[in-house]
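Data from final_19.tsv: TSV, N, CA, C and O atoms
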```tsv
chain	number	residue	atom	x	y	z
A	1	MET	N	96.90	82.12	106.28
A	1	MET	CA	97.99	81.86	107.19
A	1	MET	C	98.09	82.97	108.22
A	1	MET	O	97.74	84.11	107.97
A	2	SER	N	98.59	82.61	109.37
A	2	SER	CA	98.68	83.56	110.47
A	2	SER	C	100.12	84.04	110.66
A	2	SER	O	101.06	83.50	110.08
A	3	LEU	N	100.25	85.04	111.51
A	3	LEU	CA	101.60	85.48	111.85
A	3	LEU	C	102.34	84.41	112.65
A	3	LEU	O	103.56	84.32	112.59
A	4	GLU	N	101.59	83.57	113.35
A	4	GLU	CA	102.23	82.45	114.06
A	4	GLU	C	102.89	81.51	113.05
A	4	GLU	O	104.01	81.04	113.25
A	5	GLU	N	102.19	81.26	111.95
A	5	GLU	CA	102.78	80.41	110.91
A	5	GLU	C	103.98	81.09	110.27
A	5	GLU	O	104.99	80.45	109.98
A	6	ALA	N	103.89	82.39	110.03
A	6	ALA	CA	105.02	83.12	109.47
A	6	ALA	C	106.24	83.03	110.38
A	6	ALA	O	107.36	82.77	109.93
A	7	ALA	N	106.02	83.23	111.67
A	7	ALA	CA	107.13	83.15	112.63
A	7	ALA	C	107.72	81.74	112.67
A	7	ALA	O	108.94	81.57	112.71
A	8	ARG	N	106.86	80.74	112.64
A	8	ARG	CA	107.33	79.35	112.65
A	8	ARG	C	108.17	79.06	111.41
A	8	ARG	O	109.24	78.45	111.49
A	9	GLN	N	107.70	79.50	110.26
A	9	GLN	CA	108.43	79.27	109.01
A	9	GLN	C	109.78	80.00	109.03
A	9	GLN	O	110.79	79.46	108.57
A	10	LEU	N	109.81	81.22	109.56
A	10	LEU	CA	111.07	81.97	109.63
A	10	LEU	C	112.05	81.28	110.57
A	10	LEU	O	113.26	81.24	110.29
A	11	LYS	N	111.55	80.74	111.66
A	11	LYS	CA	112.42	80.01	112.58
A	11	LYS	C	113.00	78.78	111.90
A	11	LYS	O	114.18	78.47	112.05
A	12	MET	N	112.18	78.06	111.15
A	12	MET	CA	112.65	76.89	110.42
A	12	MET	C	113.69	77.29	109.37
A	12	MET	O	114.70	76.61	109.18
A	13	ALA	N	113.43	78.39	108.67
A	13	ALA	CA	114.38	78.85	107.65
A	13	ALA	C	115.72	79.19	108.29
A	13	ALA	O	116.78	78.87	107.74
A	14	GLY	N	115.69	79.83	109.45
A	14	GLY	CA	116.92	80.16	110.15
A	14	GLY	C	117.70	78.91	110.54
A	14	GLY	O	118.93	78.87	110.41
A	15	HIS	N	116.99	77.91	111.00
A	15	HIS	CA	117.64	76.64	111.36
A	15	HIS	C	118.27	76.00	110.12
A	15	HIS	O	119.43	75.56	110.16
A	16	ASP	N	117.51	75.95	109.04
A	16	ASP	CA	118.05	75.35	107.81
A	16	ASP	C	119.23	76.13	107.27
A	16	ASP	O	120.17	75.55	106.73
A	17	ALA	N	119.22	77.45	107.44
A	17	ALA	CA	120.35	78.26	107.00
A	17	ALA	C	121.60	77.90	107.80
A	17	ALA	O	122.69	77.76	107.24
A	18	GLN	N	121.44	77.73	109.11
A	18	GLN	CA	122.59	77.38	109.94
A	18	GLN	C	123.13	76.00	109.58
A	18	GLN	O	124.34	75.80	109.49
A	19	VAL	N	122.23	75.04	109.36
A	19	VAL	CA	122.66	73.69	108.99
A	19	VAL	C	123.37	73.72	107.63
A	19	VAL	O	124.42	73.11	107.47
A	20	ALA	N	122.83	74.46	106.67
A	20	ALA	CA	123.47	74.56	105.36
A	20	ALA	C	124.86	75.17	105.50
A	20	ALA	O	125.83	74.69	104.90
A	21	PHE	N	124.98	76.21	106.30
A	21	PHE	CA	126.26	76.86	106.54
A	21	PHE	C	127.26	75.87	107.14
A	21	PHE	O	128.41	75.77	106.69
A	22	ASP	N	126.82	75.13	108.14
A	22	ASP	CA	127.69	74.15	108.78
A	22	ASP	C	128.11	73.06	107.80
A	22	ASP	O	129.26	72.62	107.79
A	23	CYS	N	127.18	72.63	106.95
A	23	CYS	CA	127.49	71.60	105.96
A	23	CYS	C	128.53	72.09	104.95
A	23	CYS	O	129.41	71.32	104.54
A	24	VAL	N	128.45	73.35	104.56
A	24	VAL	CA	129.46	73.91	103.67
A	24	VAL	C	130.82	73.81	104.33
A	24	VAL	O	131.81	73.39	103.72
A	25	GLY	N	130.89	74.19	105.60
A	25	GLY	CA	132.14	74.13	106.34
A	25	GLY	C	132.69	72.73	106.45
A	25	GLY	O	133.91	72.54	106.52
A	26	LEU	N	131.81	71.74	106.45
A	26	LEU	CA	132.24	70.34	106.52
A	26	LEU	C	132.50	69.75	105.14
A	26	LEU	O	132.93	68.60	105.04
A	27	GLY	N	132.22	70.51	104.11
A	27	GLY	CA	132.41	70.02	102.75
A	27	GLY	C	131.28	69.13	102.25
A	27	GLY	O	131.40	68.50	101.21
A	28	ASP	N	130.19	69.07	102.99
A	28	ASP	CA	129.04	68.25	102.59
A	28	ASP	C	128.10	69.11	101.75
A	28	ASP	O	127.04	69.57	102.20
A	29	ILE	N	128.50	69.34	100.51
A	29	ILE	CA	127.80	70.28	99.63
A	29	ILE	C	126.39	69.78	99.27
A	29	ILE	O	125.45	70.58	99.18
A	30	GLU	N	126.24	68.49	99.09
A	30	GLU	CA	124.92	67.95	98.74
A	30	GLU	C	123.91	68.23	99.85
A	30	GLU	O	122.79	68.69	99.60
A	31	ARG	N	124.31	67.97	101.08
A	31	ARG	CA	123.41	68.23	102.22
A	31	ARG	C	123.19	69.73	102.38
A	31	ARG	O	122.08	70.17	102.72
A	32	ALA	N	124.21	70.53	102.14
A	32	ALA	CA	124.05	71.99	102.22
A	32	ALA	C	123.01	72.46	101.21
A	32	ALA	O	122.17	73.31	101.53
A	33	GLN	N	123.05	71.90	100.01
A	33	GLN	CA	122.08	72.29	98.99
A	33	GLN	C	120.66	71.90	99.41
A	33	GLN	O	119.72	72.67	99.22
A	34	GLU	N	120.50	70.71	99.99
A	34	GLU	CA	119.18	70.28	100.43
A	34	GLU	C	118.61	71.26	101.46
A	34	GLU	O	117.44	71.65	101.38
A	35	HIS	N	119.44	71.67	102.41
A	35	HIS	CA	118.97	72.60	103.43
A	35	HIS	C	118.74	74.00	102.86
A	35	HIS	O	117.85	74.72	103.32
A	36	ALA	N	119.52	74.37	101.87
A	36	ALA	CA	119.29	75.67	101.22
A	36	ALA	C	117.94	75.68	100.52
A	36	ALA	O	117.22	76.69	100.54
A	37	LEU	N	117.57	74.56	99.93
A	37	LEU	CA	116.26	74.46	99.27
A	37	LEU	C	115.12	74.51	100.28
A	37	LEU	O	114.11	75.18	100.05
A	38	THR	N	115.28	73.81	101.41
A	38	THR	CA	114.21	73.82	102.40
A	38	THR	C	114.10	75.18	103.09
A	38	THR	O	113.00	75.62	103.42
A	39	LEU	N	115.24	75.87	103.24
A	39	LEU	CA	115.14	77.21	103.84
A	39	LEU	C	114.44	78.17	102.88
A	39	LEU	O	113.67	79.02	103.31
A	40	ARG	N	114.66	77.99	101.61
A	40	ARG	CA	113.97	78.84	100.63
A	40	ARG	C	112.46	78.60	100.67
A	40	ARG	O	111.67	79.55	100.64
A	41	ALA	N	112.07	77.34	100.77
A	41	ALA	CA	110.64	77.02	100.84
A	41	ALA	C	110.00	77.62	102.09
A	41	ALA	O	108.90	78.18	102.04
A	42	ALA	N	110.70	77.52	103.21
A	42	ALA	CA	110.18	78.09	104.46
A	42	ALA	C	110.10	79.62	104.37
A	42	ALA	O	109.13	80.22	104.81
A	43	ALA	N	111.12	80.24	103.80
A	43	ALA	CA	111.11	81.70	103.66
A	43	ALA	C	109.98	82.14	102.73
A	43	ALA	O	109.31	83.15	103.00
A	44	ASP	N	109.76	81.40	101.67
A	44	ASP	CA	108.67	81.72	100.75
A	44	ASP	C	107.31	81.61	101.45
A	44	ASP	O	106.43	82.46	101.27
A	45	ALA	N	107.14	80.56	102.25
A	45	ALA	CA	105.88	80.39	102.98
A	45	ALA	C	105.69	81.53	103.98
A	45	ALA	O	104.57	82.04	104.13
A	46	ALA	N	106.75	81.94	104.63
A	46	ALA	CA	106.66	83.07	105.57
A	46	ALA	C	106.28	84.34	104.83
A	46	ALA	O	105.45	85.12	105.32
A	47	GLU	N	106.84	84.55	103.67
A	47	GLU	CA	106.54	85.76	102.90
A	47	GLU	C	105.07	85.79	102.49
A	47	GLU	O	104.43	86.83	102.54
A	48	VAL	N	104.52	84.65	102.12
A	48	VAL	CA	103.10	84.57	101.76
A	48	VAL	C	102.25	84.94	102.97
A	48	VAL	O	101.30	85.72	102.86
A	49	ALA	N	102.58	84.39	104.13
A	49	ALA	CA	101.82	84.68	105.34
A	49	ALA	C	101.92	86.16	105.71
A	49	ALA	O	100.93	86.79	106.10
A	50	LEU	N	103.10	86.72	105.59
A	50	LEU	CA	103.28	88.14	105.92
A	50	LEU	C	102.55	89.04	104.93
A	50	LEU	O	101.94	90.04	105.31
A	51	SER	N	102.58	88.67	103.68
A	51	SER	CA	101.88	89.43	102.65
A	51	SER	C	100.38	89.44	102.93
A	51	SER	O	99.71	90.48	102.83
A	52	ARG	N	99.87	88.29	103.32
A	52	ARG	CA	98.45	88.17	103.64
A	52	ARG	C	98.11	89.02	104.87
A	52	ARG	O	97.07	89.70	104.91
A	53	ALA	N	98.99	88.98	105.86
A	53	ALA	CA	98.75	89.76	107.08
A	53	ALA	C	98.72	91.26	106.78
A	53	ALA	O	97.95	91.99	107.39
A	54	LEU	N	99.54	91.69	105.83
A	54	LEU	CA	99.55	93.11	105.47
A	54	LEU	C	98.20	93.56	104.94
A	54	LEU	O	97.78	94.70	105.16
A	55	THR	N	97.52	92.68	104.24
A	55	THR	CA	96.22	93.05	103.68
A	55	THR	C	95.07	92.81	104.66
A	55	THR	O	94.05	93.49	104.58
A	56	ASP	N	95.23	91.84	105.57
A	56	ASP	CA	94.12	91.44	106.44
A	56	ASP	C	94.11	92.10	107.82
A	56	ASP	O	93.06	92.16	108.45
A	57	LEU	N	95.26	92.54	108.31
A	57	LEU	CA	95.34	93.01	109.68
A	57	LEU	C	95.63	94.51	109.76
A	57	LEU	O	96.39	95.03	108.95
A	58	THR	N	95.05	95.14	110.76
A	58	THR	CA	95.43	96.51	111.06
A	58	THR	C	96.79	96.46	111.76
A	58	THR	O	97.19	95.40	112.27
A	59	PRO	N	97.50	97.58	111.83
A	59	PRO	CA	98.78	97.57	112.55
A	59	PRO	C	98.63	97.11	114.01
A	59	PRO	O	99.48	96.38	114.52
A	60	GLU	N	97.55	97.49	114.65
A	60	GLU	CA	97.32	97.08	116.03
A	60	GLU	C	97.10	95.57	116.14
A	60	GLU	O	97.61	94.91	117.04
A	61	GLN	N	96.30	95.03	115.21
A	61	GLN	CA	96.07	93.59	115.20
A	61	GLN	C	97.36	92.84	114.91
A	61	GLN	O	97.64	91.81	115.52
A	62	ALA	N	98.16	93.35	113.98
A	62	ALA	CA	99.43	92.71	113.64
A	62	ALA	C	100.37	92.70	114.84
A	62	ALA	O	101.04	91.69	115.09
A	63	GLN	N	100.41	93.79	115.57
A	63	GLN	CA	101.28	93.84	116.75
A	63	GLN	C	100.85	92.81	117.78
A	63	GLN	O	101.67	92.06	118.31
A	64	ALA	N	99.57	92.75	118.07
A	64	ALA	CA	99.06	91.81	119.06
A	64	ALA	C	99.28	90.37	118.61
A	64	ALA	O	99.75	89.52	119.39
A	65	GLU	N	98.95	90.08	117.37
A	65	GLU	CA	99.11	88.71	116.87
A	65	GLU	C	100.58	88.34	116.79
A	65	GLU	O	100.96	87.21	117.08
A	66	GLY	N	101.41	89.28	116.38
A	66	GLY	CA	102.85	89.01	116.31
A	66	GLY	C	103.44	88.70	117.67
A	66	GLY	O	104.25	87.78	117.81
A	67	GLU	N	103.04	89.46	118.69
A	67	GLU	CA	103.52	89.20	120.05
A	67	GLU	C	103.09	87.82	120.51
A	67	GLU	O	103.87	87.08	121.11
A	68	ARG	N	101.83	87.46	120.24
A	68	ARG	CA	101.34	86.13	120.62
A	68	ARG	C	102.12	85.04	119.90
A	68	ARG	O	102.48	84.02	120.49
A	69	ALA	N	102.39	85.25	118.61
A	69	ALA	CA	103.09	84.24	117.81
A	69	ALA	C	104.50	83.99	118.34
A	69	ALA	O	104.92	82.84	118.50
A	70	VAL	N	105.22	85.07	118.61
A	70	VAL	CA	106.60	84.92	119.09
A	70	VAL	C	106.62	84.29	120.48
A	70	VAL	O	107.43	83.40	120.76
A	71	THR	N	105.70	84.70	121.33
A	71	THR	CA	105.62	84.12	122.69
A	71	THR	C	105.31	82.64	122.61
A	71	THR	O	105.93	81.83	123.32
A	72	ALA	N	104.38	82.25	121.74
A	72	ALA	CA	104.02	80.84	121.61
A	72	ALA	C	105.21	80.03	121.13
A	72	ALA	O	105.44	78.91	121.63
A	73	LEU	N	105.97	80.54	120.19
A	73	LEU	CA	107.14	79.80	119.70
A	73	LEU	C	108.22	79.69	120.76
A	73	LEU	O	108.87	78.65	120.88
A	74	GLU	N	108.41	80.75	121.54
A	74	GLU	CA	109.42	80.70	122.60
A	74	GLU	C	109.02	79.70	123.68
A	74	GLU	O	109.86	78.99	124.21
A	75	GLU	N	107.75	79.65	124.00
A	75	GLU	CA	107.28	78.70	125.02
A	75	GLU	C	107.37	77.26	124.54
A	75	GLU	O	107.62	76.36	125.32
A	76	ALA	N	107.20	77.05	123.23
A	76	ALA	CA	107.27	75.70	122.67
A	76	ALA	C	108.71	75.18	122.62
A	76	ALA	O	108.93	73.98	122.57
A	77	SER	N	109.67	76.08	122.65
A	77	SER	CA	111.08	75.66	122.55
A	77	SER	C	111.63	75.11	123.83
A	77	SER	O	111.36	75.29	124.87
```

Produce structure tokens that represent the structure in this file.
Amino acid sequence: MSLEEAARQLKMAGHDAQVAFDCVGLGDIERAQEHALTLRAAADAAEVALSRALTDLTPEQAQAEGERAVTALEEAS
């Protein structure tokens, strides 16, 4: 997995966290739980990608790839 995938998964986790939070406020606990589970899965996938990057990339490579990943996600939005 790449840092681009890690960034994408973290963005998805953030979205699911916000939706879960909003659902709690609306009293829709079942839907909040569903989004809490999907945010956990996304966060876990991001952690795996980041863990892999720590072993595979030099700090310089990580910086360059990370900048590319964030830029690509911002442009896609």

Tell me, as a PDB file with N, CA, C and O atoms, in the coordinates of the input, which residues lie within 7 Å of A:Arg40, counting all atoms listed in the file; anything in the same chain fewer than 6 positions away does not count.
```pdb
ATOM      1  N   ALA A  13     113.430  78.390 108.670  1.00  0.00           N
ATOM      2  CA  ALA A  13     114.380  78.850 107.650  1.00  0.00           C
ATOM      3  C   ALA A  13     115.720  79.190 108.290  1.00  0.00           C
ATOM      4  O   ALA A  13     116.780  78.870 107.740  1.00  0.00           O
ATOM      5  N   GLU A  34     120.500  70.710  99.990  1.00  0.00           N
ATOM      6  CA  GLU A  34     119.180  70.280 100.430  1.00  0.00           C
ATOM      7  C   GLU A  34     118.610  71.260 101.460  1.00  0.00           C
ATOM      8  O   GLU A  34     117.440  71.650 101.380  1.00  0.00           O
ATOM      9  N   ALA A  46     106.750  81.940 104.630  1.00  0.00           N
ATOM     10  CA  ALA A  46     106.660  83.070 105.570  1.00  0.00           C
ATOM     11  C   ALA A  46     106.280  84.340 104.830  1.00  0.00           C
ATOM     12  O   ALA A  46     105.450  85.120 105.320  1.00  0.00           O
TER      13      ALA A  46
END
```

Length of the atom C of A:Ala64 to atom C of A:Leu10 vector [Å]: 17.6 Å

At a cut-off of 8 Å, using only N, CA, C and O atoms, what residues contact A:Val19? Leave out same-chain residues fewer than 4 positions from it and give the result as a PyMOL selection string. chain A and resi 12-15+23-26+28+31-33+35-36

Atom CA of A:Ala43 and atom CA of A:Ala76 are how many Å apart?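 Pair atom CA of A:Ala43 / atom CA of A:Ala76 returns 20.3 Å.
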
One number please: atom C of A:Leu54 to atom C of A:Gly66, in Å, one decimal. 14.6 Å

Near A:Leu73, within 8 Å and counting only N, CA, C and O atoms, which residues show up once chain neighbours fewer than 5 positions away are dropped, as an MDAnalysis selection string? chainID A and resid 4 7:8 66:68

Go ahead and save the picked residues with N, CA, C and O atoms, as an mmCIF file, in the coordinates of the input.
```cif
data_model
loop_
_atom_site.group_PDB
_atom_site.id
_atom_site.type_symbol
_atom_site.label_atom_id
_atom_site.label_comp_id
_atom_site.auth_asym_id
_atom_site.auth_seq_id
_atom_site.Cartn_x
_atom_site.Cartn_y
_atom_site.Cartn_z
ATOM 1 N N GLU A 4 101.590 83.570 113.350
ATOM 2 C CA GLU A 4 102.230 82.450 114.060
ATOM 3 C C GLU A 4 102.890 81.510 113.050
ATOM 4 O O GLU A 4 104.010 81.040 113.250
ATOM 5 N N ALA A 7 106.020 83.230 111.670
ATOM 6 C CA ALA A 7 107.130 83.150 112.630
ATOM 7 C C ALA A 7 107.720 81.740 112.670
ATOM 8 O O ALA A 7 108.940 81.570 112.710
ATOM 9 N N ARG A 8 106.860 80.740 112.640
ATOM 10 C CA ARG A 8 107.330 79.350 112.650
ATOM 11 C C ARG A 8 108.170 79.060 111.410
ATOM 12 O O ARG A 8 109.240 78.450 111.490
ATOM 13 N N GLY A 66 101.410 89.280 116.380
ATOM 14 C CA GLY A 66 102.850 89.010 116.310
ATOM 15 C C GLY A 66 103.440 88.700 117.670
ATOM 16 O O GLY A 66 104.250 87.780 117.810
ATOM 17 N N GLU A 67 103.040 89.460 118.690
ATOM 18 C CA GLU A 67 103.520 89.200 120.050
ATOM 19 C C GLU A 67 103.090 87.820 120.510
ATOM 20 O O GLU A 67 103.870 87.080 121.110
ATOM 21 N N ARG A 68 101.830 87.460 120.240
ATOM 22 C CA ARG A 68 101.340 86.130 120.620
ATOM 23 C C ARG A 68 102.120 85.040 119.900
ATOM 24 O O ARG A 68 102.480 84.020 120.490
#
```

Counting only N, CA, C and O atoms, which residue out of A:Ser2, A:Asp22, A:Glu74, A:Ala69 sits closest to A:Arg52?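 Looking only at the distances to A:Arg52, the closest residue turns out to be A:Ser2.
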
Nearest residue to A:Leu37 from the set A:Asp56, A:Ala72, A:Asp16, A:Lys11 (distances using only N, CA, C and O atoms): A:Asp16

Among listed residues A:Gln63, A:Ala17, A:Thr71, A:Glu5, nearest A:Glu47 (using all atoms listed in the file):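 Result for the nearest residue to A:Glu47: A:Glu5.
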
Centre and size of axis-aligned box enclosing stretch 21-38 of chain A plus 3 Å each side, as lines of an AutoDock Vina configuration file:
```
center_x = 123.5
center_y = 72.4
center_z = 103.8
size_x = 26.9
size_y = 14.9
size_z = 16.0
```

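Taking only C-alpha atoms into account, A:Gln9 lies nearest to A:Leu39 out of the set A:Ile29, A:Leu39, A:Thr55, A:Phe21.
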